[in-house]
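Have a look at coords_32.csv below; it lists CSV, C-alpha atoms.
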chain,number,residue,atom,x,y,z
S,1,MET,CA,81.6,129.8,72.6
S,2,HIS,CA,78.5,127.8,73.1
S,3,PHE,CA,76.6,125.7,70.6
S,4,GLY,CA,72.9,124.9,70.4
S,5,PHE,CA,70.4,123.0,68.3
S,6,SER,CA,66.7,123.3,67.9
S,7,ARG,CA,65.2,120.8,70.2
S,8,PRO,CA,62.1,120.3,72.4
S,9,VAL,CA,61.9,122.3,75.6
S,10,LYS,CA,60.0,121.8,78.9
S,11,SER,CA,58.0,124.6,80.5
S,12,ASN,CA,60.5,124.7,83.3
S,13,GLY,CA,63.5,124.5,81.0
S,14,TYR,CA,64.6,128.1,81.6
S,15,ASP,CA,63.8,128.4,85.3
S,16,ASN,CA,67.4,128.9,86.3
S,17,VAL,CA,68.1,131.7,83.8
S,18,LYS,CA,65.6,134.4,85.0
S,19,GLU,CA,66.3,137.2,82.5
S,20,LEU,CA,66.1,134.8,79.5
S,21,LYS,CA,62.9,133.2,80.9
S,22,ARG,CA,61.3,136.6,81.4
S,23,GLU,CA,62.0,137.7,77.8
S,24,LEU,CA,60.8,134.3,76.4
S,25,LEU,CA,57.6,134.6,78.3
S,26,LYS,CA,56.9,137.9,76.6
S,27,CYS,CA,56.6,135.9,73.4
S,28,VAL,CA,54.0,133.3,74.5
S,29,PRO,CA,50.2,133.8,74.3
S,30,PRO,CA,48.3,135.1,77.4
S,31,GLU,CA,48.4,132.4,80.1
S,32,GLY,CA,50.9,130.5,78.0
S,33,LYS,CA,54.2,128.9,79.0
S,34,ILE,CA,57.6,128.2,77.6
S,35,GLY,CA,57.3,125.6,74.8
S,36,ASP,CA,54.0,127.0,73.5
S,37,THR,CA,53.7,128.3,70.0
S,38,THR,CA,54.5,132.0,70.0
S,39,ASN,CA,51.8,134.7,69.3
S,40,ILE,CA,54.3,136.9,67.4
S,41,LYS,CA,52.9,137.4,64.0
S,42,GLY,CA,54.6,135.7,61.1
S,43,CYS,CA,56.5,133.2,63.4
S,44,GLY,CA,55.1,129.8,64.1
S,45,ASN,CA,58.0,128.6,66.3
S,46,LYS,CA,57.7,127.3,69.8
S,47,VAL,CA,59.1,129.6,72.4
S,48,GLY,CA,62.4,128.4,73.8
S,49,ARG,CA,62.9,125.7,71.3
S,50,CYS,CA,65.3,127.5,68.9
S,51,ALA,CA,69.1,126.8,69.0
S,52,GLU,CA,69.8,130.4,70.2
S,53,PRO,CA,68.0,130.3,73.6
S,54,HIS,CA,69.5,126.9,74.3
S,55,ALA,CA,73.0,128.2,73.6
S,56,ALA,CA,72.3,131.4,75.6
S,57,LYS,CA,71.1,129.4,78.6
S,58,GLU,CA,74.3,127.4,78.6
S,59,CYS,CA,76.4,130.6,78.2
S,60,ILE,CA,74.6,132.4,81.1
S,61,ILE,CA,74.9,129.4,83.4
S,62,LYS,CA,78.6,129.0,82.6
S,63,HIS,CA,79.4,132.7,82.9
S,64,SER,CA,77.3,133.6,85.9
S,65,GLY,CA,76.1,137.1,85.7
S,66,ALA,CA,76.1,137.3,81.9
S,67,LEU,CA,73.3,139.4,80.6
S,68,LEU,CA,71.4,138.9,77.4
S,69,ALA,CA,72.9,142.1,76.1
S,70,ASP,CA,76.3,140.5,76.4
S,71,ILE,CA,75.5,137.6,74.1
S,72,VAL,CA,76.6,137.9,70.5
S,73,LEU,CA,75.1,135.2,68.3
S,74,SER,CA,76.6,133.7,65.2
S,75,MET,CA,74.5,133.2,62.1
S,76,PRO,CA,72.0,130.3,62.4
S,77,LEU,CA,72.8,127.6,59.8
S,78,CYS,CA,70.6,125.2,57.9
S,79,ILE,CA,71.8,121.8,59.1
S,80,ALA,CA,71.4,120.2,55.6
S,81,THR,CA,73.4,122.7,53.6
S,82,LEU,CA,75.2,124.8,56.3
S,83,GLU,CA,73.8,127.9,54.6
S,84,PRO,CA,73.1,131.0,56.8
S,85,MET,CA,69.4,131.5,57.7
S,86,GLU,CA,67.4,134.3,59.1
S,87,TYR,CA,66.9,134.6,62.9
S,88,CYS,CA,63.3,133.9,63.9
S,89,ALA,CA,61.0,136.6,65.3
S,90,ILE,CA,61.3,135.2,68.8
S,91,CYS,CA,65.1,135.4,68.8
S,92,LYS,CA,65.1,138.9,67.3
S,93,HIS,CA,62.8,139.9,70.2
S,94,ILE,CA,64.8,138.3,72.9
S,95,PHE,CA,68.4,139.1,72.1
S,96,PRO,CA,69.3,142.9,72.2
S,97,THR,CA,72.3,142.3,69.9
S,98,LEU,CA,69.9,141.3,67.1
S,99,LYS,CA,67.6,144.3,67.4
Q,100,MET,CA,49.8,109.8,61.0
Q,101,ALA,CA,51.1,113.0,59.4
Q,102,TYR,CA,53.9,114.9,61.0
Q,103,ARG,CA,53.0,118.0,62.9
Q,104,LYS,CA,53.7,121.4,61.5
Q,105,GLU,CA,56.1,122.3,64.3
Q,106,TYR,CA,58.0,119.1,63.7
Q,107,MET,CA,58.4,119.8,59.9
Q,108,ASN,CA,59.4,123.4,60.4
Q,109,THR,CA,62.2,122.6,62.8
Q,110,ARG,CA,63.8,119.8,60.9
Q,111,CYS,CA,65.5,119.0,57.6
Q,112,ILE,CA,63.6,115.9,56.6
Q,113,ASP,CA,64.8,113.5,53.9
Q,114,TRP,CA,62.0,112.4,51.6
Q,115,PHE,CA,61.8,110.3,48.5
Q,116,ALA,CA,59.4,110.1,45.6
Q,117,LYS,CA,59.2,108.8,42.1
Q,118,ILE,CA,58.7,111.0,39.0
Q,119,GLY,CA,58.1,108.9,35.9
Q,120,ASP,CA,60.6,106.1,36.3
Q,121,LYS,CA,63.2,108.2,38.2
Q,122,TRP,CA,63.6,108.2,42.0
Q,123,ILE,CA,64.3,111.5,43.6
Q,124,TYR,CA,65.7,112.4,47.0
Q,125,ALA,CA,64.7,115.8,48.5
Q,126,ASN,CA,65.6,117.6,51.7
Q,127,SER,CA,62.8,119.7,53.2
Q,128,THR,CA,65.1,122.2,55.0
Q,129,GLY,CA,62.3,123.1,57.4
Q,130,GLY,CA,59.5,123.2,54.9
Q,131,PHE,CA,56.2,121.3,54.8
Q,132,LEU,CA,56.2,117.8,53.3
Q,133,PRO,CA,54.0,117.1,50.3
Q,134,ALA,CA,50.8,115.4,51.5
Q,135,LYS,CA,51.6,112.1,49.7
Q,136,ILE,CA,54.9,111.8,51.5
Q,137,ASN,CA,53.8,113.0,55.0
Q,138,ASP,CA,53.5,109.8,57.0
Q,139,ASP,CA,55.4,109.3,60.2
Q,140,ASN,CA,55.1,105.5,60.0
Q,141,TYR,CA,56.4,104.8,56.5
Q,142,LEU,CA,58.6,107.7,55.7
Q,143,PRO,CA,61.1,106.7,58.5
Q,144,LEU,CA,61.2,103.2,57.1
Q,145,LEU,CA,61.8,104.5,53.6
Q,146,GLN,CA,64.5,106.8,54.9
Q,147,SER,CA,66.2,103.9,56.6
Q,148,ILE,CA,66.0,101.7,53.5
Q,149,CYS,CA,67.3,104.5,51.2
Q,150,SER,CA,70.1,105.6,53.3
Q,151,ASN,CA,71.4,102.1,53.5
Q,152,LEU,CA,71.3,101.5,49.7
Q,153,PRO,CA,74.8,100.8,48.3
Q,154,ASP,CA,76.8,103.5,46.5
Q,155,ILE,CA,76.8,102.7,42.8
Q,156,PHE,CA,78.4,105.9,41.5
Q,157,ALA,CA,81.3,107.9,42.8
Q,158,GLU,CA,82.1,111.6,42.5
Q,159,GLU,CA,85.8,110.9,42.2
Q,160,ASN,CA,85.1,108.8,39.1
Q,161,ASP,CA,83.2,111.7,37.5
Q,162,GLU,CA,79.9,109.9,37.7
Q,163,ILE,CA,78.0,112.6,39.5
Q,164,GLU,CA,76.8,115.9,37.9
Q,165,LEU,CA,76.6,118.9,40.2
Q,166,ASN,CA,74.4,121.9,39.6
Q,167,ASP,CA,77.2,124.5,39.9
Q,168,THR,CA,74.9,127.4,39.0
Q,169,LEU,CA,72.7,126.7,42.0
Q,170,ILE,CA,75.6,126.3,44.3
Q,171,THR,CA,77.2,129.5,43.1
Q,172,ASN,CA,73.9,131.4,43.6
Q,173,ARG,CA,73.6,130.0,47.1
Q,174,TYR,CA,77.2,131.0,47.9
Q,175,ASN,CA,76.5,134.6,46.7
Q,176,ARG,CA,73.4,134.7,48.8
Q,177,ALA,CA,75.3,133.5,51.8
Q,178,LEU,CA,78.0,136.1,51.2
Q,179,ASP,CA,75.5,138.9,51.1
Q,180,ILE,CA,74.0,137.7,54.4
Q,181,TYR,CA,77.5,137.4,56.1
Q,182,ASN,CA,78.6,140.8,54.7
Q,183,GLU,CA,75.6,142.4,56.3
Q,184,TYR,CA,76.3,140.5,59.5
Q,185,LEU,CA,79.9,141.6,59.6
Q,186,THR,CA,79.2,145.3,58.8
Q,187,ASP,CA,80.4,146.5,62.2
Q,188,SER,CA,83.4,144.1,62.4
Q,189,ASP,CA,87.0,145.2,62.1
Q,190,GLU,CA,89.0,144.8,58.9
Q,191,GLU,CA,91.0,141.9,60.2
Q,192,THR,CA,87.9,139.8,61.0
Q,193,ILE,CA,86.4,140.5,57.6
Q,194,ASP,CA,89.7,139.5,55.9
Q,195,ILE,CA,89.8,136.2,57.8
Q,196,PHE,CA,86.2,135.5,56.9
Q,197,ARG,CA,86.8,136.3,53.2
Q,198,ASN,CA,89.9,134.1,53.1
Q,199,GLU,CA,88.2,131.2,54.7
Q,200,TYR,CA,84.6,131.4,53.3
Q,201,THR,CA,85.5,130.6,49.7
Q,202,LEU,CA,83.2,129.1,47.0
Q,203,GLU,CA,85.2,125.9,47.2
Q,204,ASN,CA,84.7,125.5,50.9
Q,205,PHE,CA,81.1,126.4,50.7
Q,206,LYS,CA,80.5,123.9,47.8
Q,207,ASN,CA,82.2,121.1,49.8
Q,208,ASN,CA,79.8,121.6,52.7
Q,209,TYR,CA,76.7,122.3,50.5
Q,210,LYS,CA,77.0,119.4,48.2
Q,211,GLN,CA,77.8,116.6,50.7
Q,212,LEU,CA,74.4,115.3,51.5
Q,213,PHE,CA,73.2,115.5,47.9
Q,214,VAL,CA,76.3,113.8,46.4
Q,215,ASN,CA,75.9,111.1,49.0
Q,216,MET,CA,72.3,110.4,47.7
Q,217,ALA,CA,73.2,110.9,44.0
Q,218,SER,CA,75.9,108.2,44.5
Q,219,LYS,CA,73.0,105.8,45.3
Q,220,GLY,CA,71.3,106.8,42.1
Q,221,PHE,CA,68.9,109.5,43.4
Q,222,TYR,CA,68.2,112.8,41.6
Q,223,SER,CA,68.9,115.0,44.7
Q,224,PHE,CA,66.9,118.1,45.4
Q,225,VAL,CA,67.0,120.8,48.1
Q,226,ARG,CA,64.2,123.2,49.1
Q,227,VAL,CA,65.8,126.5,48.4
Q,228,ASN,CA,63.6,129.2,50.1
Q,229,ILE,CA,64.9,128.2,53.5
Q,230,ASP,CA,63.5,131.3,55.2
Q,231,ASP,CA,60.0,130.7,53.9
Q,232,GLU,CA,58.5,127.6,55.4
Q,233,SER,CA,55.5,127.6,53.0
Q,234,SER,CA,57.6,127.7,49.8
Q,235,MET,CA,57.7,124.4,47.9
Q,236,LYS,CA,60.3,125.4,45.5
Q,237,TYR,CA,63.0,122.7,45.1
Q,238,GLU,CA,66.2,122.8,43.0
Q,239,LEU,CA,68.3,119.9,41.7
Q,240,VAL,CA,71.7,119.8,43.4
Q,241,ALA,CA,73.3,116.6,42.2
Q,242,TYR,CA,72.4,113.6,40.0
Q,243,PRO,CA,74.1,110.5,38.5
Q,244,LYS,CA,75.4,111.0,35.0
Q,245,LYS,CA,74.7,107.4,34.0
Q,246,THR,CA,71.4,105.7,34.4
Q,247,GLU,CA,72.1,102.1,33.2
Q,248,LYS,CA,73.0,100.9,36.7
Q,249,LEU,CA,69.9,102.2,38.3
Q,250,GLU,CA,67.8,99.5,40.1
Q,251,ILE,CA,66.7,101.7,43.0
Q,252,GLU,CA,63.0,100.6,42.9
Q,253,GLU,CA,64.0,96.9,42.8
Q,254,ARG,CA,66.3,97.4,45.8
Q,255,ILE,CA,63.8,99.3,47.8
Q,256,ARG,CA,61.0,96.8,47.2
Q,257,LYS,CA,63.3,93.9,48.1
Q,258,VAL,CA,63.9,95.4,51.5
Q,259,ALA,CA,60.4,96.6,52.0
Q,260,GLU,CA,58.8,93.2,51.2
Q,261,MET,CA,60.9,91.6,53.9
Q,262,SER,CA,59.5,93.9,56.5
Q,263,GLU,CA,56.7,92.9,58.8
Q,264,ASP,CA,54.6,95.8,57.5
Q,265,GLY,CA,55.6,95.0,53.9
Q,266,ASP,CA,52.2,95.4,52.3
Q,267,ASN,CA,51.6,98.8,53.8
Q,268,ILE,CA,55.0,100.1,52.8
Q,269,MET,CA,54.3,98.9,49.3
Q,270,ASP,CA,51.1,100.9,49.3
Q,271,TYR,CA,53.0,103.9,50.6
Q,272,LEU,CA,55.6,103.5,47.8
Q,273,GLN,CA,52.8,103.4,45.2
Q,274,GLY,CA,51.4,106.6,46.5
Q,275,ILE,CA,54.6,108.7,46.2
Q,276,THR,CA,54.6,108.9,42.5
Q,277,PHE,CA,54.6,112.4,41.2
Q,278,GLU,CA,53.2,112.2,37.7
Q,279,ASP,CA,51.8,115.7,37.7
Q,280,HIS,CA,54.5,117.8,39.4
Q,281,GLN,CA,52.5,118.9,42.5
Q,282,ILE,CA,55.4,120.8,43.9
Q,283,ASP,CA,57.7,123.2,42.1
Q,284,PHE,CA,60.9,121.4,41.3
Q,285,GLY,CA,62.3,124.6,40.0
Q,286,THR,CA,64.0,122.7,37.2
Q,287,ASP,CA,62.7,121.2,34.0
Q,288,LEU,CA,62.9,117.6,35.1
Q,289,GLY,CA,62.0,116.5,31.7
Q,290,GLN,CA,65.1,118.1,30.2
Q,291,ILE,CA,67.4,116.8,32.9
Q,292,ILE,CA,66.3,113.3,33.5
Q,293,LEU,CA,64.9,112.1,30.3
Please re-express this file's structure in structure tokens.
Amino acid sequence: MHFGFSRPVKSNGYDNVKELKRELLKCVPPEGKIGDTTNIKGCGNKVGRCAEPHAAKECIIKHSGALLADIVLSMPLCIATLEPMEYCAICKHIFPTLK
Amino acid sequence: MAYRKEYMNTRCIDWFAKIGDKWIYANSTGGFLPAKINDDNYLPLLQSICSNLPDIFAEENDEIELNDTLITNRYNRALDIYNEYLTDSDEETIDIFRNEYTLENFKNNYKQLFVNMASKGFYSFVRVNIDDESSMKYELVAYPKKTEKLEIEERIRKVAEMSEDGDNIMDYLQGITFEDHQIDFGTDLGQIIL
């Protein structure tokens, strides 16, 4: 089990997890990079910043060979109230288990 | 300067304001801050001052009122979300979840932050539409039953005046008075606080 928090991300932050980086880059505007605001309609998040890709990166590195399709995510929680929240559009796009 | 949109949308920001003569604490849960509040110089100072105020009420002494209706509604919402999430899970997993995810456990987690601020004398609010960053609907979670011990403003001003930037903080404090409810506090504050 791996944990993640929403936090800033560098453009090379996912260089060592190729499949994840490839999927993340599909969510950035043309000529964009990891960390840019996504062009997916209705989602203003920065690509790669969410807790989910941070946790997935850790998981893939630790379990070398793990695929995005192998990763099952728990519900995202609001840190103030610990209520479940919806996944953002980027995460729904990246993780096959959320589709 | 104001906080950037991305900053506000990825954080639960504590903010404070005055309505009439009452001080409120509110948690933004990823929403936008009201314009009067949104200042990355003075809000952190106010957060620091307020979080260090002494506790003057205690939940264990029955001095804090909780909005149980809100908490129950939020619990039911959470249950619906988890039930959908667990649709494909086996019976054993669902049973474990149901036994552990009780209203009591949910309430203990949910109320913590708000009881903490109510114990300092704040009427403590949460932004409830957490999946809609543009919603400004807030609901009261916890508040002190008594009001006679409240000297929040005096305590805040005392600390603010000692700061190097005291005059500017005082100007900021003056500006965060909500006389004309510019955001939807979801509750009739008049009935609850007055």
Write out as a short mmCIF file (atom, residue, chain, number, x, y, z; two decimals) with C-alpha atoms, in the frame of the given file each polymer residue whose atoms come within 9 Å of Leu67 (chain S), counting all atoms listed in the file; drop sequence neighbours fewer than 5 positions from it.
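The resulting file, out.cif, is shown below:
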data_model
loop_
_atom_site.label_atom_id
_atom_site.label_comp_id
_atom_site.auth_asym_id
_atom_site.auth_seq_id
_atom_site.Cartn_x
_atom_site.Cartn_y
_atom_site.Cartn_z
CA GLU S 19 66.30 137.20 82.50
CA LEU S 20 66.10 134.80 79.50
CA ILE S 60 74.60 132.40 81.10
#
What residues in chain Q have any atom no more than 9 Å from chain S when counting only C-alpha atoms, and can you write them as an NGL selection string? :Q and (104-105 or 108-112 or 126-129 or 173-174 or 176-177 or 180-181 or 184 or 205 or 208-212 or 225 or 229-230)
Report, in Å with one decimal, the straight-line distance from CA of Pro153 (chain Q) to CA of Ser218 (chain Q).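 About the pair CA of Pro153 (chain Q) and CA of Ser218 (chain Q): they are 8.4 Å apart.
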Nearest residue to Ser223 (chain Q) from the set Q:Pro133, Q:Gly274, Q:Pro243, Q:Gly119 (distances using all atoms listed in the file):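 The shortest atom-to-atom distance to Ser223 (chain Q) comes from Q:Pro243.
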What is the CA of Glu191 (chain Q)-CA of Cys91 (chain S) distance in Å, reported with one decimal? 28.1 Å
Pairwise distance for CA of His63 (chain S) and CA of Asn12 (chain S), rounded to one decimal in Å: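 A separation of 20.5 Å between them.
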